[in-house]
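Read through the structure below, which is laid out as structure tokens, and then see the notes.
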Amino acid sequence: MRKDILLYGLLGGVLIAALRLIEYRWLVVEHSVEIYGGLIAAVFAGLGIWLGLRLTRHTETVVVREVEVPAPVSFVRDETRVESLGITPRELEILELIAAGLSNREIAERVFVSENTVKTHSSRVFDKLGARRRTQAVQLGKELRLIP
């Protein structure tokens with residue numbers, strides 16, 4: 001009995017395999033254009049995805065952060081340079097506040113003058129230092145030891 005069951009199962013498996021082979025051959029012969037078209041479409045889709053990922057790769061983003069460097073404790077103002085440039089104490093005060101990063105409005109509130117007065121003082125400092133911008137004036141002021 002077991003022998004018959006095994007023989008029946010084996011013949012059934014061979015018959016199913018033969019039918020699948022015939023079906024496969026019929027499928028390949030009958031639909032070969034569609035199969036090749038599908039394979040080519042899959043290759044091009046894969047190539048397109050790979051190329052798209054390659055071209056739209058994220059680039060590195062460099063973040064620049066300014067770090068405030070504390071002024072040296074033993075800062076000595078070059079008074080001869082202050083006198084030779086003709087910078088007044090109020091103009092020095094304005095230059096120090098510019099170096100602290102304050103806006104004209106904030107400087108005006110701090111020293112109790114109008115915003116136009118701050119603009120006047122800062123433009124005179126720029127002229128005396130030969131600077132065009134606030135950052136350039138601060139840099140020159142530090143180089144000439146006018147501000148810490």
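Residue numbering restarts at 1 for every chain of the structure tokens, chains are lettered A, B, ... in their displayed order, and ligands are numbered from 1 as they appear.
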
Test item: residues at most 8 Å from Ala99 of chain A, only C-alpha atoms, excluding those fewer than 4 positions along its chain, as a ChimeraX atom specification: /A:95,135,138

Just the residues within 12 Å of Asp78 of chain A, please, counting only C-alpha atoms, with nothing from its chain fewer than 6 positions along; format it as number ranges by chain. A: 84-85, 87, 92, 141-148

What parts of chain A does DSSP call alpha helix (DSSP H)? I'd like the answer as a VMD selection string. chain A and resid 2 to 30 32 to 55 79 to 85 89 to 99 104 to 111 115 to 129 134 to 143

Between atom CA of Ile98 of chain A and atom CA of Arg133 of chain A lies a distance of 10.8 Å

What lies within 10 Å of Arg90 of chain A using only C-alpha atoms, ignoring chain neighbours under 4 positions off, as a ChimeraX atom specification? /A:94-96,111,118,121-122

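Between atom CA of Thr59 of chain A and atom CA of Ala45 of chain A there is a distance of 24.4 Å.
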
Hey, can you check how far atom CA of Thr61 of chain A sits from atom CA of Ser103 of chain A? 29.4 Å
